[in-house]
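Next comes query-v3.txt, with compact mmCIF, C-alpha atoms.
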```txt
# COMPACT_ATOMS: atom_id res chain seq x y z
CA PRO P 2 61.39 34.66 71.24
CA GLN P 3 60.24 33.55 67.82
CA PRO P 4 57.07 31.38 67.91
CA LEU P 5 57.56 27.76 66.99
CA ARG P 6 56.10 26.54 63.76
CA PRO P 7 53.72 23.62 64.35
CA ARG P 8 56.26 21.04 63.14
CA GLN P 9 58.92 22.41 65.52
CA ALA P 10 56.53 22.28 68.46
CA VAL P 11 55.31 18.76 67.78
CA ARG P 12 58.53 17.08 66.69
CA PRO P 13 59.98 16.66 70.24
CA LEU P 14 56.85 14.77 71.27
CA VAL P 15 56.87 12.57 68.22
CA HIS P 16 60.52 11.73 68.58
CA GLY P 17 60.33 10.51 72.14
CA GLN P 18 60.88 13.42 74.51
CA LEU P 19 57.44 12.79 76.01
CA PRO P 20 58.00 9.85 78.43
CA VAL P 21 56.55 6.66 76.99
CA SER P 22 54.67 5.97 80.23
CA TYR P 23 52.67 9.18 79.76
CA THR P 24 51.31 8.02 76.43
CA HIS P 25 49.48 5.22 78.25
CA LEU P 26 47.88 7.65 80.71
CA LEU P 27 46.92 10.55 78.48
CA LEU P 28 44.48 11.05 75.65
CA ILE P 29 45.96 13.67 73.33
CA PHE P 30 43.83 15.64 70.89
CA PHE P 31 44.88 18.47 68.58
CA ILE P 32 42.52 21.19 67.34
CA VAL P 33 42.81 21.81 63.61
CA TYR P 34 41.22 25.11 62.67
CA ASP P 35 41.59 24.86 58.90
CA LEU P 36 43.62 23.36 56.06
CA LEU P 37 44.25 26.62 54.25
CA PRO P 38 48.04 26.16 53.83
CA ILE P 39 47.21 23.00 51.86
CA SER P 40 44.06 24.09 50.05
CA HIS P 41 45.31 27.64 49.27
CA PRO P 42 49.12 27.61 49.48
CA GLU P 43 49.25 30.77 47.38
CA PHE P 44 48.22 32.79 50.45
CA PHE P 45 51.14 31.57 52.57
CA PRO P 46 54.97 31.81 52.50
CA PHE P 47 56.75 29.50 50.12
CA GLY P 48 57.13 26.02 51.64
CA SER P 49 54.18 26.37 54.03
CA GLN P 50 52.25 23.61 52.27
CA ASN P 51 55.06 21.13 52.87
CA TRP P 52 55.70 21.86 56.54
CA PHE P 53 51.97 22.01 57.30
CA SER P 54 51.44 18.62 55.63
CA ASP P 55 54.37 17.27 57.61
CA TRP P 56 52.83 18.64 60.83
CA LEU P 57 49.51 16.94 60.09
CA ARG P 58 51.23 13.62 59.48
CA GLN P 59 53.17 13.88 62.74
CA ILE P 60 50.22 14.75 64.94
CA ALA P 61 48.20 11.98 63.28
CA LEU P 62 50.84 9.56 64.57
CA LEU P 63 50.84 11.03 68.07
CA ALA P 64 47.24 12.02 68.72
CA ASN P 65 44.26 9.95 69.77
CA GLY P 66 42.20 12.22 67.56
CA LEU P 67 42.00 15.53 65.74
CA ILE P 68 39.30 18.06 66.56
CA ASP P 69 38.29 20.14 63.58
CA VAL P 70 36.49 23.46 63.80
CA TYR P 71 33.67 24.01 61.33
CA LYS P 72 32.51 27.42 60.25
CA ARG P 73 28.92 26.76 59.10
CA GLN P 74 27.11 24.30 61.32
CA VAL P 75 23.61 23.24 60.31
CA MET P 76 21.47 21.65 63.02
CA ASP P 77 18.40 19.60 62.16
CA ILE P 78 16.10 20.16 65.16
CA GLN P 79 12.97 18.36 63.92
CA ALA P 80 13.11 16.42 67.21
CA ALA P 81 11.83 19.62 68.83
CA GLN P 82 8.82 19.66 66.48
CA GLY P 83 7.35 16.18 66.11
CA GLU P 84 6.23 13.57 68.61
CA SER P 85 9.65 13.59 70.28
CA ARG P 86 9.18 17.17 71.42
CA ARG P 87 7.08 15.86 74.34
CA ARG P 88 9.83 13.47 75.44
CA GLY P 89 13.32 13.77 76.83
CA ILE P 90 14.70 13.79 73.29
CA GLY P 91 12.87 17.03 72.54
CA ARG P 92 14.10 18.70 75.73
CA TYR P 93 17.64 17.50 75.11
CA THR P 94 17.53 18.79 71.53
CA MET P 95 16.49 22.26 72.63
CA GLY P 96 18.96 22.40 75.49
CA LEU P 97 21.96 21.30 73.47
CA ALA P 98 21.05 23.35 70.39
CA LYS P 99 20.83 26.48 72.55
CA ALA P 100 24.11 25.64 74.28
CA ILE P 101 25.86 25.29 70.93
CA ALA P 102 24.34 28.54 69.68
CA ARG P 103 25.35 30.42 72.86
CA ASN P 104 28.94 29.26 72.48
CA ALA P 105 29.22 29.57 68.70
CA GLY P 106 31.58 32.54 68.69
CA SER P 107 32.31 33.48 65.08
CA HIS P 108 30.79 30.29 63.68
CA GLU P 109 27.55 30.36 61.74
CA ILE P 110 24.73 28.36 63.30
CA TRP P 111 21.85 27.40 61.03
CA LEU P 112 18.69 25.62 62.11
CA VAL P 113 16.52 23.44 59.90
CA LEU P 114 12.81 22.92 60.56
CA ASN P 115 10.08 20.86 58.91
CA ALA P 116 7.17 22.75 57.30
CA HIS P 117 4.72 19.96 58.21
CA PHE P 118 4.88 21.05 61.86
CA SER P 119 3.85 24.61 61.06
CA GLU P 120 2.36 25.22 64.50
CA SER P 121 5.81 24.89 66.08
CA ILE P 122 7.84 27.09 63.74
CA GLU P 123 7.17 30.56 65.16
CA GLY P 124 7.62 29.33 68.71
CA LEU P 125 11.01 27.85 67.85
CA ARG P 126 12.06 31.03 66.06
CA SER P 127 11.23 32.91 69.26
CA GLU P 128 13.17 30.40 71.39
CA PHE P 129 16.33 31.15 69.41
CA THR P 130 15.91 34.94 69.25
CA GLY P 131 19.29 36.47 70.04
CA LEU P 132 21.06 33.14 69.54
CA VAL P 133 20.53 32.38 65.84
CA ASP P 134 20.03 34.92 63.08
CA PHE P 135 16.42 34.90 61.88
CA ASN P 136 17.56 34.35 58.27
CA ARG P 137 19.51 31.26 59.30
CA ILE P 138 16.43 29.41 60.53
CA ARG P 139 15.27 27.61 57.41
CA VAL P 140 12.20 25.48 56.70
CA PHE P 141 12.04 22.64 54.17
CA GLU P 142 8.97 21.09 52.54
CA THR P 143 8.35 17.56 51.33
CA PRO P 144 5.38 15.51 50.10
CA ALA P 145 3.06 14.29 52.85
CA PRO P 146 1.93 12.19 54.52
CA CYS P 147 5.21 10.29 54.83
CA PHE P 148 4.96 8.65 58.27
CA GLU P 149 5.84 5.02 57.72
CA ILE P 150 3.40 3.30 60.04
CA ILE P 151 1.20 3.39 56.92
CA PRO P 152 2.90 1.18 54.29
CA GLU P 153 1.42 3.19 51.41
CA ASN P 154 3.54 6.18 52.49
CA LYS P 155 6.84 4.41 51.83
CA THR P 156 7.49 5.93 48.40
CA ARG P 157 6.74 9.45 49.64
CA ALA P 158 9.08 8.85 52.60
CA ARG P 159 11.96 7.93 50.26
CA ILE P 160 11.29 11.01 48.12
CA ALA P 161 11.10 13.18 51.24
CA GLU P 162 14.51 11.93 52.42
CA LYS P 163 16.14 12.93 49.15
CA LEU P 164 14.46 16.34 49.10
CA ARG P 165 15.58 17.05 52.65
CA GLU P 166 19.19 16.14 51.91
CA ALA P 167 19.15 18.28 48.76
CA PHE P 168 17.81 21.15 50.85
CA LEU P 169 20.59 20.67 53.42
CA ALA P 170 23.22 20.63 50.67
CA SER P 171 21.83 23.91 49.29
CA LEU P 172 22.83 25.58 52.57
CA ASN P 173 26.51 24.75 51.88
CA PRO P 174 27.17 23.42 55.38
CA ASP P 175 30.57 22.46 56.71
CA ILE P 176 28.80 19.98 58.96
CA VAL P 177 25.23 18.84 59.65
CA HIS P 178 24.11 17.58 63.03
CA VAL P 179 20.97 15.45 63.36
CA PHE P 180 19.58 15.52 66.89
CA SER P 181 17.41 12.44 66.46
CA LEU P 182 17.61 10.00 63.56
CA PHE P 183 15.00 7.45 64.65
CA GLU P 184 12.01 9.58 63.71
CA GLY P 185 9.25 9.50 61.12
CA TYR P 186 7.42 6.29 61.91
CA ILE P 187 4.33 7.94 63.42
CA ASP P 188 4.72 11.53 62.22
CA ASN P 189 6.01 13.48 59.22
CA THR P 190 9.54 13.95 60.52
CA VAL P 191 12.06 13.23 57.76
CA SER P 192 15.50 11.87 58.61
CA SER P 193 18.26 10.10 56.72
CA ILE P 194 22.02 10.16 56.26
CA LYS P 195 23.58 10.12 52.81
CA ALA P 196 20.54 8.59 51.16
CA PHE P 197 20.97 11.11 48.36
CA GLU P 198 23.77 13.58 49.11
CA SER P 199 26.88 11.61 50.07
CA ARG P 200 29.05 14.71 50.45
CA LEU P 201 27.24 15.98 53.54
CA LEU P 202 29.50 15.60 56.56
CA THR P 203 26.96 14.44 59.14
CA THR P 204 27.00 13.77 62.87
CA VAL P 205 24.16 12.29 64.92
CA THR P 206 23.11 12.17 68.56
CA LEU P 207 22.66 8.55 69.64
CA TYR P 208 20.34 7.98 72.59
CA ASP P 209 20.03 4.19 72.76
CA LEU P 210 19.63 1.00 70.74
CA ILE P 211 16.92 -0.56 72.92
CA PRO P 212 14.74 -1.78 70.01
CA LEU P 213 17.76 -3.56 68.58
CA THR P 214 18.39 -5.47 71.81
CA ASN P 215 14.73 -6.33 72.41
CA THR P 216 13.14 -6.42 68.98
CA LYS P 217 9.99 -8.37 69.85
CA ALA P 218 8.97 -5.93 72.57
CA HIS P 219 9.58 -2.73 70.62
CA LEU P 220 9.14 -3.46 66.91
CA THR P 221 5.53 -4.45 66.47
CA SER P 222 5.07 -5.11 62.75
CA PRO P 223 7.02 -5.94 59.59
CA GLN P 224 6.93 -2.30 58.47
CA HIS P 225 8.14 -1.17 61.91
CA ILE P 226 11.08 -3.59 61.68
CA SER P 227 11.87 -2.45 58.14
CA TRP P 228 11.75 1.21 59.17
CA TYR P 229 14.01 0.67 62.20
CA PHE P 230 16.70 -1.29 60.39
CA ARG P 231 16.75 1.24 57.56
CA LYS P 232 17.52 3.85 60.22
CA ILE P 233 20.25 1.60 61.60
CA ASN P 234 21.84 1.44 58.15
CA SER P 235 21.54 5.21 57.91
CA LEU P 236 23.20 5.56 61.32
CA ARG P 237 26.16 3.53 60.09
CA ARG P 238 26.72 6.11 57.34
CA ALA P 239 27.20 8.95 59.82
CA ASP P 240 30.67 10.47 59.97
CA HIS P 241 30.57 10.66 63.75
CA LEU P 242 28.14 9.72 66.52
CA PHE P 243 27.66 11.48 69.83
CA ALA P 244 26.30 9.01 72.38
CA ILE P 245 24.56 10.36 75.48
CA SER P 246 26.22 7.75 77.72
CA GLU P 247 29.16 5.40 77.80
CA TYR P 248 26.66 2.52 77.75
CA SER P 249 25.10 3.74 74.49
CA ARG P 250 28.57 4.13 73.02
CA SER P 251 29.60 0.61 73.99
CA GLU P 252 26.37 -0.80 72.53
CA ALA P 253 26.98 0.92 69.20
CA ILE P 254 30.52 -0.42 69.09
CA SER P 255 29.56 -3.99 69.98
CA LEU P 256 26.23 -4.32 68.16
CA LEU P 257 26.86 -2.22 65.06
CA GLN P 258 30.66 -2.51 64.82
CA ILE P 259 30.94 1.27 64.88
CA PRO P 260 34.68 2.13 64.98
CA GLU P 261 35.64 3.48 68.40
CA SER P 262 37.26 6.51 66.79
CA THR P 263 33.94 7.63 65.26
CA ILE P 264 31.79 7.71 68.39
CA SER P 265 32.16 9.97 71.41
CA VAL P 266 30.21 10.45 74.63
CA ILE P 267 28.51 13.80 75.09
CA GLY P 268 26.91 14.01 78.51
CA LEU P 269 23.45 15.32 79.24
CA SER P 270 24.98 17.99 81.48
CA LEU P 271 26.29 19.80 78.40
CA ILE P 272 22.85 21.27 77.81
CA HIS P 273 23.58 23.65 80.70
CA ILE P 274 26.73 25.14 79.15
```
Show me this structure written as structure tokens.
Amino acid sequence: PQPLRPRQAVRPLVHGQLPVSYTHLLLIFFIVYDLLPISHPEFFPFGSQNWFSDWLRQIALLANGLIDVYKRQVMDIQAAQGESRRRGIGRYTMGLAKAIARNAGSHEIWLVLNAHFSESIEGLRSEFTGLVDFNRIRVFETPAPCFEIIPENKTRARIAEKLREAFLASLNPDIVHVFSLFEGYIDNTVSSIKAFESRLLTTVTLYDLIPLTNTKAHLTSPQHISWYFRKINSLRRADHLFAISEYSRSEAISLLQIPESTISVIGLSLIHI
């Protein structure tokens, strides 16, 4: 039998052949591998652009979400270098980054490290031997010191954020994942989202919002408060968040008004994949 074109396969669902009661019980996601029939219609049979566009519109009506597949994935793993490396965040970063690299298939995995933690670089290169090509583990440099517990470092910190984002953009990523955004207050970790390069499609791991719910106990000075809420604003600019628990997800939705469609739960058990 001839294979169904996407629009032929989806149309029965859109037009009601899937029982209505099922739509209340199921979450339906479609994987979209690329948009080549739209972006490069010259490579496809005449009319492909129209029926592919029609297919996208139809699944957008039916699906709870679309899962895209990105070719070049850049992972910022500074959380495995700075102060967080000694905490659960550091262990989680390494576990998940390795899991992604092991299951990358034909996708390019790139890692980004911070030159200010030079003592950790060779060890991390060794950790990813056989998982990530040596030439795809890149190191960026910025002015230092830029840790923001010292107010005089604020200007350098803003410059460092822009330099890091420019460096990320130079790698031509399809997507950037930041394993820990709330970094850089007591060390030279540099993190930001779209502070300079708004075209970077960026996702972030969200662990918790504890300082936001108990500010007096966790934010100890005016500069600490300023630093934290700047990170919160940066978090809001992310294209998608991956919360480590349903509780963290619900907090982000209720406290930050993060749209439900832009935050997912990714369990800690995924580090063992």
Check: Taking all atoms listed in the file into account, which of P:Leu169, P:Leu236, P:Val191, P:Leu125 comes nearest Thr143 in chain P?
Finding: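 The closest residue to Thr143 in chain P is P:Val191.
Picture a line from CA of Ser107 in chain P to CA of Asp134 in chain P; it runs 12.5 Å.
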Checklist line | Interatomic distance (Å, one decimal) between CA of Gln59 in chain P and CA of Phe30 in chain P | finding: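 So the two atoms, CA of Gln59 in chain P and CA of Phe30 in chain P, lie 12.5 Å apart.
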Using only C-alpha atoms, find each residue of range 107-161 of chain P with at least one atom at most 12 Å away from an atom of range 216-222 of chain P; report its shortest atom-to-atom pair and that distance in Å (one decimal), sort the rows by chain and rising residue number, and return the result as a Markdown table.
```
| residue | atom | partner | partner_atom | distance |
| --- | --- | --- | --- | --- |
| P:Glu149 | CA | P:Ser222 | CA | 11.3 |
| P:Ile150 | CA | P:Ser222 | CA | 9.0 |
| P:Ile151 | CA | P:Ser222 | CA | 11.0 |
| P:Pro152 | CA | P:Ser222 | CA | 10.8 |
```
Next item on the list: Write out as a ChimeraX atom specification each polymer residue whose atoms come within 7 Å of Asp77 in chain P, counting all atoms listed in the file; drop sequence neighbours fewer than 2 positions from it.
Entry: /P:75,79,112-114,178-180
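One finds CA of Lys99 in chain P at 25.2 Å from CA of Tyr248 in chain P.
Between Lys163 in chain P and the candidates P:Pro144, P:Gly124, P:Pro38, P:Gly48, the tightest atom-to-atom separation, counting only C-alpha atoms, involves P:Pro144.
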Next item on the list: May I have the residues within 9 Å of Leu67 in chain P as a PyMOL selection string, using only C-alpha atoms and disregarding those fewer than 2 positions away in the same chain?
Entry: chain P and resi 29-33+60-61+64-65+69
Notebook entry, point to check: So, counting all atoms listed in the file, which residue among P:Trp228, P:Phe197, P:Tyr93, P:Trp52 is closest to Ser181 in chain P?
Noted result: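 The shortest atom-to-atom distance to Ser181 in chain P comes from P:Tyr93.
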Margin query: So that I can check the surroundings of Arg231 in chain P, please list as a ChimeraX atom specification every protein, DNA and RNA residue that reaches within 12 Å of it, counting only C-alpha atoms and ignoring chain neighbours fewer than 5 positions away.
Written below: /P:149,155,158-159,182-186,192-194,196,224-226,236-238
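Of the residues listed (P:Ala239, P:Leu201, P:Ile187, P:Ile101), P:Ile187 shows the shortest atom-to-atom separation from Glu84 in chain P; distances use all atoms listed in the file.
Considering the residues P:Lys232, P:Ile110, P:Gln258, P:Leu210 and counting all atoms listed in the file, Ser246 in chain P has its shortest atom-to-atom contact with P:Leu210.
Across P:Ser227, P:Thr130, P:Ser121, P:Asn173, the tightest approach to Ala80 in chain P is made by P:Ser121 when counting all atoms listed in the file.
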Contact residues around Pro260 in chain P with all atoms listed in the file at 12 Å, ignoring same-chain residues under 5 positions, as a short mmCIF file (atom, residue, chain, number, x, y, z; two decimals) with C-alpha atoms, in the coordinates of the input:
```
data_model
loop_
_atom_site.label_atom_id
_atom_site.label_comp_id
_atom_site.auth_asym_id
_atom_site.auth_seq_id
_atom_site.Cartn_x
_atom_site.Cartn_y
_atom_site.Cartn_z
CA ARG P 237 26.16 3.53 60.09
CA ARG P 238 26.72 6.11 57.34
CA ALA P 239 27.20 8.95 59.82
CA ASP P 240 30.67 10.47 59.97
CA HIS P 241 30.57 10.66 63.75
CA LEU P 242 28.14 9.72 66.52
CA ARG P 250 28.57 4.13 73.02
CA SER P 251 29.60 0.61 73.99
CA GLU P 252 26.37 -0.80 72.53
CA ALA P 253 26.98 0.92 69.20
CA ILE P 254 30.52 -0.42 69.09
CA SER P 255 29.56 -3.99 69.98
CA SER P 265 32.16 9.97 71.41
#
```
Where atoms are absent from range 146-158 of chain P, fill them in so it carries N, CA, C and O atoms, then output it as a short mmCIF file (atom, residue, chain, number, x, y, z; two decimals), keeping the file's coordinate frame.
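That gives us out-v8.cif:
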```
data_model
loop_
_atom_site.label_atom_id
_atom_site.label_comp_id
_atom_site.auth_asym_id
_atom_site.auth_seq_id
_atom_site.Cartn_x
_atom_site.Cartn_y
_atom_site.Cartn_z
N PRO P 146 1.27 12.70 53.31
CA PRO P 146 1.93 12.19 54.52
C PRO P 146 3.07 11.24 54.17
O PRO P 146 3.04 10.58 53.12
N CYS P 147 4.07 11.18 55.08
CA CYS P 147 5.21 10.29 54.83
C CYS P 147 5.57 9.47 56.07
O CYS P 147 6.62 8.84 56.10
N PHE P 148 4.69 9.48 57.09
CA PHE P 148 4.96 8.65 58.27
C PHE P 148 4.78 7.19 57.87
O PHE P 148 3.82 6.80 57.20
N GLU P 149 5.72 6.36 58.30
CA GLU P 149 5.84 5.02 57.72
C GLU P 149 5.07 3.93 58.44
O GLU P 149 5.18 2.75 58.09
N ILE P 150 4.27 4.30 59.45
CA ILE P 150 3.40 3.30 60.04
C ILE P 150 2.35 2.86 59.02
O ILE P 150 1.80 1.76 59.12
N ILE P 151 2.10 3.72 58.04
CA ILE P 151 1.20 3.39 56.92
C ILE P 151 2.06 2.95 55.73
O ILE P 151 2.81 3.75 55.17
N PRO P 152 2.02 1.68 55.36
CA PRO P 152 2.90 1.18 54.29
C PRO P 152 2.80 1.95 52.98
O PRO P 152 3.79 2.08 52.26
N GLU P 153 1.61 2.48 52.67
CA GLU P 153 1.42 3.19 51.41
C GLU P 153 2.24 4.49 51.33
O GLU P 153 2.38 5.07 50.26
N ASN P 154 2.76 4.94 52.48
CA ASN P 154 3.54 6.18 52.49
C ASN P 154 5.02 5.97 52.18
O ASN P 154 5.80 6.93 52.15
N LYS P 155 5.42 4.73 51.96
CA LYS P 155 6.84 4.41 51.83
C LYS P 155 7.51 5.18 50.70
O LYS P 155 8.61 5.73 50.88
N THR P 156 6.88 5.24 49.54
CA THR P 156 7.49 5.93 48.40
C THR P 156 7.66 7.41 48.69
O THR P 156 8.70 8.01 48.41
N ARG P 157 6.62 8.03 49.29
CA ARG P 157 6.74 9.45 49.64
C ARG P 157 7.86 9.66 50.66
O ARG P 157 8.56 10.67 50.61
N ALA P 158 8.02 8.73 51.59
CA ALA P 158 9.08 8.85 52.60
C ALA P 158 10.46 8.85 51.95
O ALA P 158 11.34 9.63 52.33
#
```
